[in-house]
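J.: Have a peek at structure_28.cif (mmCIF, C-alpha atoms).
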```
data_data
loop_
_atom_site.label_atom_id
_atom_site.label_comp_id
_atom_site.auth_asym_id
_atom_site.auth_seq_id
_atom_site.Cartn_x
_atom_site.Cartn_y
_atom_site.Cartn_z
CA MET A 45 104.36 -64.11 44.65
CA ILE A 46 106.08 -62.65 41.58
CA VAL A 47 105.43 -58.90 41.72
CA LEU A 48 105.53 -56.89 38.49
CA GLU A 49 108.88 -55.10 38.19
CA LYS A 50 108.78 -51.38 37.42
CA GLU A 51 111.08 -51.66 34.41
CA HIS A 52 108.68 -54.18 32.83
CA LYS A 53 105.52 -52.14 33.39
CA GLY A 54 105.45 -50.66 29.87
CA LEU A 55 105.97 -53.98 28.09
CA SER A 56 103.54 -55.71 30.43
CA THR A 57 100.90 -53.13 29.49
CA TRP A 58 101.41 -53.87 25.80
CA LEU A 59 101.03 -57.57 26.52
CA ALA A 60 97.77 -56.86 28.35
CA PHE A 61 96.41 -55.04 25.29
CA MET A 62 97.42 -57.99 23.10
CA LEU A 63 95.40 -60.39 25.25
CA ILE A 64 92.19 -58.33 25.58
CA PRO A 65 90.96 -59.32 22.05
CA LEU A 66 91.64 -63.04 22.67
CA GLY A 67 87.94 -63.86 23.06
CA GLY A 68 87.08 -62.46 19.64
CA LEU A 69 90.14 -64.09 18.11
CA ALA A 70 89.17 -67.51 19.49
CA THR A 71 85.61 -67.07 18.20
CA ASP A 72 86.18 -65.63 14.74
CA ILE A 73 89.41 -67.04 13.36
CA PHE A 74 87.97 -70.47 12.56
CA LEU A 75 84.63 -69.24 11.16
CA PRO A 76 85.77 -69.78 7.53
CA SER A 77 86.66 -73.34 8.57
CA LEU A 78 83.19 -74.32 9.82
CA PRO A 79 82.17 -76.12 6.59
CA GLY A 80 85.53 -77.92 6.43
CA MET A 81 85.32 -78.99 10.07
CA GLY A 82 81.78 -80.23 9.52
CA ARG A 83 82.86 -82.39 6.58
CA TYR A 84 85.86 -83.80 8.46
CA LEU A 85 83.86 -84.61 11.61
CA ASN A 86 80.89 -85.81 9.53
CA VAL A 87 78.38 -83.71 11.45
CA SER A 88 75.56 -81.36 10.48
CA GLN A 89 75.80 -77.62 9.94
CA SER A 90 74.07 -76.87 13.26
CA ALA A 91 76.37 -79.29 15.12
CA VAL A 92 79.52 -77.50 14.04
CA GLN A 93 77.94 -74.05 14.58
CA LEU A 94 77.39 -75.10 18.18
CA LEU A 95 81.17 -74.88 18.68
CA VAL A 96 80.82 -71.10 18.53
CA ILE A 97 77.74 -70.98 20.78
CA LEU A 98 79.23 -73.16 23.54
CA PHE A 99 82.40 -71.10 23.66
CA MET A 100 80.40 -67.89 23.97
CA THR A 101 78.09 -69.32 26.64
CA SER A 102 80.90 -70.59 28.87
CA SER A 103 82.84 -67.36 28.41
CA GLY A 104 79.79 -65.21 29.16
CA LEU A 105 78.67 -67.10 32.25
CA SER A 106 82.15 -67.26 33.73
CA GLN A 107 82.81 -63.55 33.13
CA ILE A 108 79.95 -62.72 35.47
CA PHE A 109 81.68 -64.32 38.49
CA ILE A 110 85.38 -64.36 37.63
CA GLY A 111 86.02 -60.78 38.76
CA GLY A 112 85.39 -61.72 42.38
CA ILE A 113 87.70 -64.75 42.11
CA LEU A 114 90.52 -62.66 40.65
CA ASP A 115 90.06 -59.99 43.32
CA SER A 116 90.54 -62.71 45.92
CA LEU A 117 93.35 -64.81 44.42
CA GLY A 118 95.23 -62.30 42.26
CA ARG A 119 95.79 -62.09 38.51
CA TYR A 120 99.22 -63.34 37.52
CA ARG A 121 99.31 -67.08 38.30
CA ILE A 122 95.74 -67.58 37.11
CA ASN A 123 96.63 -65.81 33.86
CA LEU A 124 99.64 -68.06 33.25
CA ILE A 125 97.68 -71.24 34.00
CA SER A 126 94.85 -70.09 31.73
CA LEU A 127 97.21 -69.33 28.83
CA LEU A 128 98.80 -72.77 29.11
CA ALA A 129 95.39 -74.46 29.34
CA PHE A 130 94.08 -72.58 26.31
CA SER A 131 97.17 -73.49 24.27
CA LEU A 132 96.98 -77.17 25.21
CA VAL A 133 93.26 -77.38 24.46
CA SER A 134 93.78 -75.75 21.06
CA PHE A 135 96.29 -78.48 20.15
CA LEU A 136 93.95 -81.19 21.44
CA ILE A 137 91.09 -79.97 19.25
CA THR A 138 93.19 -80.68 16.15
CA ILE A 139 93.83 -84.34 17.04
CA ILE A 140 90.52 -85.47 18.58
CA PRO A 141 87.98 -86.49 15.89
CA ASN A 142 84.95 -86.44 18.19
CA ILE A 143 82.59 -83.48 18.11
CA TYR A 144 81.32 -84.05 21.66
CA VAL A 145 84.81 -84.03 23.14
CA ILE A 146 85.55 -80.87 21.16
CA TYR A 147 82.40 -79.32 22.64
CA GLY A 148 83.88 -79.87 26.09
CA LEU A 149 87.23 -78.46 25.03
CA ARG A 150 85.58 -75.32 23.66
CA ILE A 151 83.83 -74.82 27.01
CA VAL A 152 87.22 -75.02 28.73
CA GLN A 153 88.57 -72.49 26.25
CA GLY A 154 85.71 -70.11 27.05
CA ILE A 155 86.44 -70.23 30.78
CA ALA A 156 90.18 -69.80 30.21
CA VAL A 157 89.62 -66.79 27.95
CA SER A 158 87.39 -65.15 30.58
CA LEU A 159 90.06 -65.57 33.26
CA ILE A 160 92.62 -63.99 30.93
CA ILE A 161 90.68 -60.99 29.61
CA VAL A 162 88.90 -60.08 32.86
CA GLY A 163 92.23 -60.22 34.65
CA LYS A 164 93.86 -58.01 32.03
CA ARG A 165 91.10 -55.41 32.24
CA ALA A 166 91.57 -55.35 36.02
CA TYR A 167 95.34 -55.02 35.49
CA PHE A 168 94.88 -51.45 34.27
CA VAL A 169 92.78 -50.51 37.31
CA ASP A 170 95.46 -52.02 39.56
CA LEU A 171 98.33 -50.00 38.10
CA TYR A 172 96.92 -46.79 36.66
CA SER A 173 94.64 -43.99 37.80
CA GLY A 174 93.26 -40.62 36.72
CA ASN A 175 93.66 -39.49 33.13
CA ARG A 176 96.10 -42.29 32.39
CA LEU A 177 93.52 -44.91 33.37
CA ARG A 178 90.75 -43.16 31.39
CA HIS A 179 93.03 -43.06 28.35
CA PHE A 180 93.72 -46.79 28.51
CA THR A 181 90.14 -47.86 29.22
CA SER A 182 88.89 -45.73 26.32
CA LEU A 183 91.02 -47.93 24.06
CA PHE A 184 89.42 -51.19 25.25
CA SER A 185 86.54 -51.15 22.76
CA VAL A 186 88.87 -50.23 19.89
CA VAL A 187 91.31 -53.01 20.77
CA TRP A 188 88.47 -55.50 21.31
CA ALA A 189 87.02 -54.64 17.89
CA THR A 190 90.23 -55.56 16.09
CA ALA A 191 89.66 -59.30 16.53
CA PRO A 192 86.33 -59.56 14.65
CA VAL A 193 87.89 -57.48 11.87
CA ILE A 194 91.16 -59.32 11.28
CA ALA A 195 90.52 -62.81 12.70
CA PRO A 196 88.24 -64.18 9.91
CA PHE A 197 90.52 -62.55 7.33
CA ILE A 198 93.52 -64.47 8.70
CA GLY A 199 91.43 -67.59 9.21
CA GLY A 200 90.24 -67.61 5.59
CA TYR A 201 93.80 -67.73 4.27
CA LEU A 202 94.86 -70.36 6.79
CA GLU A 203 91.86 -72.55 5.92
CA HIS A 204 92.40 -72.16 2.18
CA ASN A 205 96.11 -73.00 2.30
CA TYR A 206 96.49 -75.35 5.26
CA GLY A 207 93.05 -76.62 6.33
CA TRP A 208 90.89 -76.09 9.41
CA ARG A 209 93.46 -77.37 11.92
CA SER A 210 95.80 -74.49 11.09
CA ASN A 211 93.47 -72.02 12.81
CA PHE A 212 93.70 -73.89 16.10
CA HIS A 213 97.46 -74.32 15.64
CA PHE A 214 97.65 -70.54 15.27
CA LEU A 215 95.68 -70.03 18.50
CA ALA A 216 97.83 -72.58 20.34
CA LEU A 217 101.11 -71.01 19.23
CA PHE A 218 99.90 -67.47 19.90
CA THR A 219 98.84 -68.23 23.49
CA LEU A 220 102.01 -70.27 24.09
CA MET A 221 104.08 -67.29 22.93
CA MET A 222 102.07 -64.99 25.20
CA PHE A 223 102.66 -67.37 28.12
CA VAL A 224 106.43 -67.09 27.62
CA LEU A 225 106.31 -63.30 27.33
CA GLU A 226 104.03 -62.98 30.37
CA PHE A 227 106.31 -65.26 32.38
CA LEU A 228 109.38 -63.20 31.48
CA TYR A 229 108.05 -59.66 31.52
CA SER A 230 104.89 -59.52 33.63
CA GLY A 231 103.95 -60.17 37.25
CA GLU A 232 101.28 -59.78 39.91
CA SER A 233 99.54 -56.40 39.78
CA LEU A 234 97.31 -56.86 42.83
CA PRO A 235 99.15 -56.80 46.20
CA VAL A 236 98.08 -59.32 48.84
CA GLN A 237 96.92 -56.58 51.23
CA GLU A 238 94.48 -55.23 48.61
CA ARG A 239 92.75 -58.54 47.91
CA SER A 240 89.16 -59.03 49.03
CA PRO A 241 87.36 -62.23 50.04
CA PHE A 242 85.08 -63.81 47.45
CA LYS A 243 81.45 -63.52 48.58
CA LEU A 244 79.07 -65.08 46.08
CA SER A 245 75.94 -64.03 47.99
CA LYS A 246 76.95 -60.37 47.86
CA ILE A 247 77.66 -60.53 44.12
CA LEU A 248 74.35 -62.24 43.41
CA GLY A 249 72.53 -59.61 45.47
CA ILE A 250 74.06 -56.80 43.43
CA TYR A 251 73.23 -58.53 40.15
CA LYS A 252 69.64 -59.16 41.26
CA SER A 253 69.22 -55.47 42.00
CA MET A 254 70.69 -54.47 38.64
CA LEU A 255 68.56 -56.88 36.62
CA GLY A 256 65.50 -55.61 38.47
CA THR A 257 66.16 -52.16 37.00
CA ARG A 258 64.17 -52.14 33.78
CA ASP A 259 66.23 -49.76 31.67
CA PHE A 260 69.40 -51.74 32.47
CA SER A 261 67.85 -55.16 31.81
CA LEU A 262 66.28 -53.92 28.57
CA GLY A 263 69.63 -52.40 27.63
CA LEU A 264 71.22 -55.84 28.08
CA LEU A 265 68.51 -57.33 25.86
CA ILE A 266 69.23 -54.73 23.17
CA ILE A 267 72.97 -55.28 23.03
CA GLY A 268 72.58 -59.05 23.43
CA THR A 269 70.17 -59.16 20.48
CA ASN A 270 72.43 -56.82 18.55
CA TYR A 271 75.43 -59.10 19.10
CA SER A 272 73.25 -62.06 18.15
CA LEU A 273 72.85 -60.44 14.72
CA GLN A 274 76.64 -60.45 14.32
CA ILE A 275 76.96 -64.07 15.41
CA LEU A 276 74.09 -65.14 13.13
CA TYR A 277 76.01 -63.79 10.14
CA SER A 278 79.30 -65.24 11.39
CA ILE A 279 78.00 -68.81 11.71
CA SER A 280 75.80 -68.66 8.58
CA SER A 281 77.98 -66.88 6.03
CA PRO A 282 80.66 -69.62 5.68
CA PHE A 283 78.00 -72.12 4.55
CA LEU A 284 76.20 -69.63 2.31
CA ILE A 285 79.35 -68.24 0.72
CA GLU A 286 81.29 -71.49 0.36
CA GLU A 287 78.53 -74.06 -0.24
CA GLN A 288 75.67 -72.07 -1.77
CA PHE A 289 77.59 -69.44 -3.74
CA HIS A 290 80.71 -71.63 -4.30
CA HIS A 291 83.37 -69.16 -3.23
CA SER A 292 86.53 -69.95 -1.26
CA PRO A 293 87.14 -69.55 2.48
CA ILE A 294 89.26 -66.53 1.58
CA THR A 295 86.11 -64.82 0.32
CA THR A 296 84.40 -65.66 3.61
CA GLY A 297 87.26 -64.04 5.51
CA ASN A 298 87.29 -60.98 3.26
CA SER A 299 83.55 -60.46 3.68
CA ALA A 300 83.91 -60.70 7.46
CA LEU A 301 86.69 -58.10 7.28
CA ILE A 302 84.42 -55.70 5.37
CA LEU A 303 81.51 -56.20 7.75
CA GLY A 304 83.79 -55.86 10.77
CA LEU A 305 85.01 -52.51 9.48
CA ALA A 306 81.39 -51.41 8.98
CA LEU A 307 80.60 -52.40 12.57
CA MET A 308 83.60 -50.44 13.82
CA ALA A 309 82.63 -47.43 11.68
CA GLY A 310 79.16 -47.39 13.22
CA GLY A 311 80.71 -47.26 16.68
CA LEU A 312 83.04 -44.43 15.69
CA VAL A 313 80.14 -42.41 14.28
CA SER A 314 78.23 -42.85 17.54
CA LYS A 315 81.20 -41.39 19.42
CA ALA A 316 81.45 -38.48 16.99
CA ILE A 317 77.84 -37.42 17.62
CA ILE A 318 77.79 -38.11 21.36
CA HIS A 319 76.21 -34.68 21.99
CA ILE A 320 72.95 -35.69 20.24
CA PRO A 321 70.23 -36.93 22.67
CA LEU A 322 70.18 -40.71 23.09
CA ARG A 323 66.44 -41.00 22.40
CA ARG A 324 66.74 -39.27 19.03
CA LYS A 325 69.73 -41.37 17.96
CA LEU A 326 68.16 -44.70 18.86
CA ASN A 327 64.81 -43.86 17.26
CA VAL A 328 66.44 -42.99 13.94
CA ALA A 329 68.83 -45.94 14.09
CA ILE A 330 66.22 -48.62 14.74
CA ILE A 331 63.93 -47.28 12.01
CA LEU A 332 66.82 -47.53 9.55
CA GLU A 333 67.69 -51.01 10.81
CA VAL A 334 64.14 -52.26 10.29
CA ILE A 335 63.97 -50.73 6.79
CA LEU A 336 67.31 -52.29 5.80
CA SER A 337 66.31 -55.71 7.15
CA LEU A 338 63.01 -55.60 5.27
CA ALA A 339 64.87 -54.58 2.12
CA MET A 340 67.29 -57.50 2.51
CA THR A 341 64.40 -59.93 2.86
CA ILE A 342 62.64 -58.57 -0.24
CA VAL A 343 65.84 -58.58 -2.29
CA SER A 344 66.68 -62.12 -1.17
CA ILE A 345 63.40 -63.47 -2.55
CA ARG A 346 64.64 -62.92 -6.12
CA TYR A 347 68.34 -62.08 -5.98
CA SER A 348 70.46 -64.31 -3.74
CA SER A 349 74.16 -63.82 -4.30
CA LEU A 350 77.39 -62.96 -2.53
CA TYR A 351 76.96 -59.30 -3.47
CA THR A 352 73.39 -58.89 -2.19
CA LEU A 353 74.23 -60.77 1.01
CA VAL A 354 77.36 -58.81 1.88
CA GLY A 355 76.08 -55.53 0.45
CA MET A 356 72.91 -55.47 2.55
CA ALA A 357 74.64 -56.87 5.65
CA LEU A 358 77.24 -54.11 5.33
CA PHE A 359 74.68 -51.37 6.01
CA ILE A 360 72.91 -53.41 8.69
CA ASN A 361 76.24 -53.90 10.49
CA PHE A 362 76.97 -50.19 10.36
CA ILE A 363 73.69 -49.37 12.11
CA SER A 364 74.22 -52.26 14.53
CA GLY A 365 77.60 -50.87 15.54
CA PHE A 366 76.00 -47.49 16.12
CA ILE A 367 73.24 -48.90 18.34
CA PHE A 368 75.59 -51.22 20.23
CA ASN A 369 78.05 -48.49 21.14
CA ASN A 370 75.35 -46.18 22.51
CA VAL A 371 73.51 -48.75 24.63
CA TYR A 372 76.66 -50.58 25.77
CA SER A 373 78.10 -47.32 27.07
CA TYR A 374 74.82 -46.55 28.86
CA CYS A 375 74.78 -49.93 30.63
CA LEU A 376 78.41 -49.63 31.76
CA ARG A 377 77.72 -46.24 33.33
CA ARG A 378 74.26 -46.96 34.69
CA PHE A 379 75.46 -47.94 38.20
CA GLY A 380 78.33 -45.70 39.22
CA ALA A 381 78.61 -47.22 42.70
CA ASN A 382 79.01 -50.75 41.28
CA ALA A 383 80.91 -50.10 38.08
CA GLY A 384 82.87 -53.35 38.29
CA ALA A 385 79.77 -55.47 38.75
CA ALA A 386 78.00 -53.61 35.94
CA SER A 387 80.96 -54.28 33.66
CA GLY A 388 80.98 -58.00 34.47
CA LEU A 389 77.23 -58.39 34.12
CA THR A 390 77.14 -56.37 30.89
CA GLY A 391 80.09 -58.19 29.28
CA GLY A 392 78.90 -61.63 30.33
CA GLY A 393 75.26 -60.84 29.63
CA ILE A 394 75.99 -60.01 26.00
CA TYR A 395 77.48 -63.45 25.41
CA VAL A 396 74.81 -65.33 27.36
CA ILE A 397 71.84 -63.62 25.69
CA SER A 398 73.26 -63.92 22.18
CA SER A 399 74.24 -67.56 22.79
CA ILE A 400 70.73 -68.50 23.92
CA MET A 401 69.18 -66.76 20.93
CA ASN A 402 71.50 -68.27 18.36
CA PHE A 403 71.29 -71.72 19.91
CA GLY A 404 67.52 -71.54 19.61
CA LEU A 405 67.78 -70.47 15.98
CA ILE A 406 70.27 -73.08 14.78
CA SER A 407 68.49 -75.82 16.75
CA SER A 408 65.16 -75.14 15.05
CA VAL A 409 66.16 -73.86 11.62
CA THR A 410 68.81 -74.91 9.11
CA ILE A 411 70.06 -71.75 7.40
CA SER A 412 70.17 -73.25 3.92
CA SER A 413 69.65 -70.09 1.88
CA GLN A 414 70.07 -66.34 1.96
CA LEU A 415 66.30 -65.95 2.26
CA VAL A 416 66.16 -68.07 5.43
CA TYR A 417 69.01 -66.02 6.86
CA SER A 418 67.15 -62.80 5.97
CA TYR A 419 63.99 -63.95 7.76
CA LEU A 420 65.95 -64.76 10.92
CA ASN A 421 67.82 -61.45 10.69
CA LEU A 422 64.50 -59.60 10.37
CA GLY A 423 63.10 -61.43 13.39
CA LEU A 424 66.05 -60.42 15.57
CA VAL A 425 65.82 -56.81 14.39
CA GLY A 426 62.10 -56.80 15.25
CA LEU A 427 62.88 -58.07 18.76
CA MET A 428 65.56 -55.41 19.17
CA ALA A 429 63.12 -52.71 18.02
CA MET A 430 60.61 -53.73 20.70
CA ALA A 431 63.38 -53.78 23.33
CA ILE A 432 64.47 -50.27 22.32
CA LEU A 433 60.93 -48.96 22.64
CA GLY A 434 60.71 -50.42 26.15
CA PHE A 435 64.18 -49.15 27.03
CA LEU A 436 63.37 -45.58 26.00
CA SER A 437 60.13 -45.60 27.99
CA HIS A 438 61.86 -46.78 31.20
CA ARG A 439 65.20 -45.06 30.76
CA LYS A 440 66.32 -43.10 33.76
CA ALA A 441 66.84 -39.40 32.97
CA ARG A 442 70.51 -38.82 33.71
CA SER A 443 73.30 -36.52 32.61
CA ILE A 444 74.94 -39.35 30.66
CA ASP A 445 72.01 -39.25 28.24
CA HIS A 446 73.02 -35.75 27.14
CA GLU A 447 69.46 -34.50 27.54
#
```
Would you mind writing the structure in this file as structure tokens?

T.:
Amino acid sequence: MIVLEKEHKGLSTWLAFMLIPLGGLATDIFLPSLPGMGRYLNVSQSAVQLLVILFMTSSGLSQIFIGGILDSLGRYRINLISLLAFSLVSFLITIIPNIYVIYGLRIVQGIAVSLIIVGKRAYFVDLYSGNRLRHFTSLFSVVWATAPVIAPFIGGYLEHNYGWRSNFHFLALFTLMMFVLEFLYSGESLPVQERSPFKLSKILGIYKSMLGTRDFSLGLLIIGTNYSLQILYSISSPFLIEEQFHHSPITTGNSALILGLALMAGGLVSKAIIHIPLRRKLNVAIILEVILSLAMTIVSIRYSSLYTLVGMALFINFISGFIFNNVYSYCLRRFGANAGAASGLTGGGIYVISSIMNFGLISSVTISSQLVYSYLNLGLVGLMAMAILGFLSHRKARSIDHE
């Protein structure tokens, strides 16, 4: 076993932070390339959008159980194998002209990403404690949010100048570089004597208990639906912007950058007003979200353009970021005695719920216009509003609610 050397601890921590956003990077960087990939592979819009959904589903499902595997087998070797596998699969995607094989490769990527990021989150718990640990974990959401902001921006320029394959070449080279750096400057953070046996029945029992708690399960539905709103825009906007409004992939990337910043701003505002009661914040936020979604639908009936699409989505994303941050934080802290299990179920649940919703949408509806997108957006917001009403009625009165 290669144990992490003390002199490499600082650099190894930086490497861990660089890998935490890998899931978002792998999802968002090739979004501007979806139309180009569809044309090259000669498949429908929904078929190429499924590449995003399958990655999210495999990543979400595997996140739920991977923590126990890593606690049993350790982090380091699994991380290295996963980085190599992800890099190899990224190269393979660029040379295999079969959408069904690529589906399988994206599923492999989702599992590999989960092994990497769950292991890196656990890395901090292994090596740090007290205020130092709280400082690092408080940065997780900020670091994670960087990928949806910058990835489509980078991907738009790569697609415009070098084609869709360049995005996967970028992912392959990035993870290969991280493999080399991890091999040289990192090591195992979990000693053998601290490892625990993997007991699937125990994990399932804990998850069953959590999902049976209504405020927690409704909280998962809220943040899963909320994230589904983000994915709906991500997989629809390249086709609307590039094929309906006739702008370049760079414009798609720039719009994603703007909306990502709005999402991040909503989360920062929620942190700034943490002292305000949760019930009051969510009631105001969901009312605004419904009003904005109705306004987008009405505007889209007569005025469909890049500016009305991005302009209205900008405000919707801001409110979404606000709602997500509040409810996500609640779910993570809902079960203090099983914080690790709550983290795995919450993180994986977001991906699974949003994947199921978006798969259902793209399987039944072709998003051929801004108006169709607006109707679907309004439907998701309506579902989230009902979930919030149920959540607030069942929410356990606790000190974390600031009431």

J.: Any chance you could resolve the PyMOL selection byres ((chain A and resi 127) around 12) against this file and give the residues as a PyMOL selection string?

T.: chain A and resi 63+66+120-126+128-134+152-161+163+215-227

J.: Expand the PyMOL selection byres ((chain A and resi 389-398) around 9) into the individual residues it matches in the shown file, reporting them as an MDAnalysis selection string.

T.: chainID A and resid 97 100:109 251 254 264:265 267:273 275 372 375:376 384:388 399:403

J.: With all atoms listed in the file counted, which protein, DNA or RNA residues have an atom no more than 8 Å from (67.9, -58.1, 8.1) in the file frame? Please answer as a list in words.

T.: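 Output of the proximity query reads Glu333, Val334, Leu336, Ser337, Leu338, Ala339, Met340, Thr341, Met356, Ala357, Ile360, Ser418, Tyr419, Leu420, Asn421, Leu422, Gly423 and Val425 of chain A.
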
J.: How would you write, as a list in words, the residues chosen by the PyMOL selection byres ((chain A and resi 145-150) around 8) on this structure?

T.: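 That selection, the PyMOL selection byres ((chain A and resi 145-150) around 8), comes back as Leu94, Leu95, Leu98, Phe99, Val133, Ile137, Ile140, Asn142, Ile143, Tyr144, Ile151, Val152, Gln153 and Gly154 of chain A.
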
J.: May I have the residues within 7 Å of Phe74 in chain A as a VMD selection string, using only C-alpha atoms and disregarding those fewer than 5 positions away in the same chain?

T.: chain A and resid 196 199 211

J.: Export, as a short mmCIF file (atom, residue, chain, number, x, y, z; two decimals), keeping the file's coordinate frame, the selected residues with C-alpha atoms.

T.:
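Result file follows (selection-v9.cif):
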```
data_model
loop_
_atom_site.label_atom_id
_atom_site.label_comp_id
_atom_site.auth_asym_id
_atom_site.auth_seq_id
_atom_site.Cartn_x
_atom_site.Cartn_y
_atom_site.Cartn_z
CA PRO A 196 88.24 -64.18 9.91
CA GLY A 199 91.43 -67.59 9.21
CA ASN A 211 93.47 -72.02 12.81
#
```

J.: As a ChimeraX atom specification, please: the residues near Gly200 in chain A (cut-off 12 Å, all atoms listed in the file, same-chain neighbours under 2 positions excluded).

T.: /A:72-80,194-198,202-208,210-211,282,285-286,291-301

J.: Please identify all polymer residues within 12 Å of Phe289 in chain A, counting all atoms listed in the file, omitting same-chain residues fewer than 4 positions from it, and present them as a list in words.

T.: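 With the cut-off at 12 Å, the set is Ser281, Pro282, Phe283, Leu284, Ile285, Pro293, Thr295, Thr296, Ser348, Ser349, Leu350, Tyr351, Thr352, Leu353, Ser412, Ser413 and Gln414 of chain A.
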
J.: What separation in Å, quoted to one decimal, exists between CA of Lys53 in chain A and CA of Gly118 in chain A?

T.: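 These atoms are spaced 17.0 Å apart.
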
J.: Taking (91.7, -52.2, 38.4) in the file's coordinates as the center, which residues reach within 12 Å of it, counting all atoms listed in the file, put as number ranges by chain?

T.: A: 111, 114-115, 118-119, 162-174, 177-178, 180-181, 233-235, 238-239, 383-384, 387

J.: Of the candidates A:Ile266, A:Leu59, A:Ile367, A:Ile342, which one gets nearest to Leu307 in chain A if we count only C-alpha atoms?

T.: A:Ile367

J.: So, counting all atoms listed in the file, which residue among A:Val354, A:Ile279, A:Phe435, A:Leu183 is closest to Val92 in chain A?

T.: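 Smallest separation from Val92 in chain A among the options: A:Ile279.
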
J.: So how many Å separate CA of Ser437 in chain A and CA of Leu262 in chain A, to one decimal?

T.: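 Distance reported for this atom pair: 10.4 Å.
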
J.: For Tyr229 in chain A, please output as a list in words all residues within 8 Å (counting all atoms listed in the file; exclusion window: fewer than 4 positions along the same chain).

T.: Leu48, His52, Leu55, Ser56 and Leu225 of chain A

J.: Calculate how many Å separate CA of Gly112 in chain A from CA of Pro65 in chain A, rounding to one decimal.

T.: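 So the two atoms, CA of Gly112 in chain A and CA of Pro65 in chain A, lie 21.2 Å apart.
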
J.: With 6 Å added on each side, what axis-aligned box encloses every listed atom of range 400-411 of chain A? Give the centre and edge lengths in Å to one decimal, as AutoDock Vina command-line options.

T.:
```
--center_x 68.3 --center_y -71.3 --center_z 15.7 --size_x 18.3 --size_y 21.1 --size_z 28.5
```

J.: Kindly indicate which residue among A:Ser407, A:Thr190, A:Asn369, A:Ser90 lies nearest to Phe61 in chain A, using all atoms listed in the file for the distances.

T.: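 Nearest to Phe61 in chain A: A:Thr190.
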
J.: Could range 72-83 of chain A be written out with N, CA and C atoms, as an mmCIF file, in the first residue's frame, please?

T.:
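Printed below is selection-v5.cif as written:
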```cif
data_model
loop_
_atom_site.group_PDB
_atom_site.id
_atom_site.type_symbol
_atom_site.label_atom_id
_atom_site.label_comp_id
_atom_site.auth_asym_id
_atom_site.auth_seq_id
_atom_site.Cartn_x
_atom_site.Cartn_y
_atom_site.Cartn_z
ATOM 1 N N ASP A 72 -20.928 18.706 -18.773
ATOM 2 C CA ASP A 72 -21.242 19.996 -19.397
ATOM 3 C C ASP A 72 -20.313 20.416 -20.524
ATOM 4 N N ILE A 73 -19.105 19.882 -20.587
ATOM 5 C CA ILE A 73 -18.162 20.414 -21.560
ATOM 6 C C ILE A 73 -18.571 20.111 -22.997
ATOM 7 N N PHE A 74 -19.280 19.000 -23.216
ATOM 8 C CA PHE A 74 -19.634 18.667 -24.598
ATOM 9 C C PHE A 74 -21.075 19.051 -24.950
ATOM 10 N N LEU A 75 -21.757 19.806 -24.058
ATOM 11 C CA LEU A 75 -23.122 20.228 -24.369
ATOM 12 C C LEU A 75 -23.216 21.038 -25.661
ATOM 13 N N PRO A 76 -22.297 21.998 -25.909
ATOM 14 C CA PRO A 76 -22.369 22.725 -27.191
ATOM 15 C C PRO A 76 -22.144 21.833 -28.410
ATOM 16 N N SER A 77 -21.620 20.624 -28.177
ATOM 17 C CA SER A 77 -21.332 19.700 -29.277
ATOM 18 C C SER A 77 -22.474 18.741 -29.581
ATOM 19 N N LEU A 78 -23.559 18.777 -28.806
ATOM 20 C CA LEU A 78 -24.635 17.818 -29.012
ATOM 21 C C LEU A 78 -25.196 17.836 -30.442
ATOM 22 N N PRO A 79 -25.490 19.005 -31.016
ATOM 23 C CA PRO A 79 -25.971 18.994 -32.409
ATOM 24 C C PRO A 79 -24.949 18.411 -33.379
ATOM 25 N N GLY A 80 -23.672 18.766 -33.194
ATOM 26 C CA GLY A 80 -22.624 18.247 -34.076
ATOM 27 C C GLY A 80 -22.454 16.746 -33.951
ATOM 28 N N MET A 81 -22.515 16.228 -32.733
ATOM 29 C CA MET A 81 -22.432 14.785 -32.527
ATOM 30 C C MET A 81 -23.618 14.075 -33.170
ATOM 31 N N GLY A 82 -24.802 14.679 -33.032
ATOM 32 C CA GLY A 82 -25.997 14.076 -33.620
ATOM 33 C C GLY A 82 -25.890 13.960 -35.128
ATOM 34 N N ARG A 83 -25.368 15.024 -35.760
ATOM 35 C CA ARG A 83 -25.209 14.994 -37.222
ATOM 36 C C ARG A 83 -24.176 13.960 -37.634
#
```
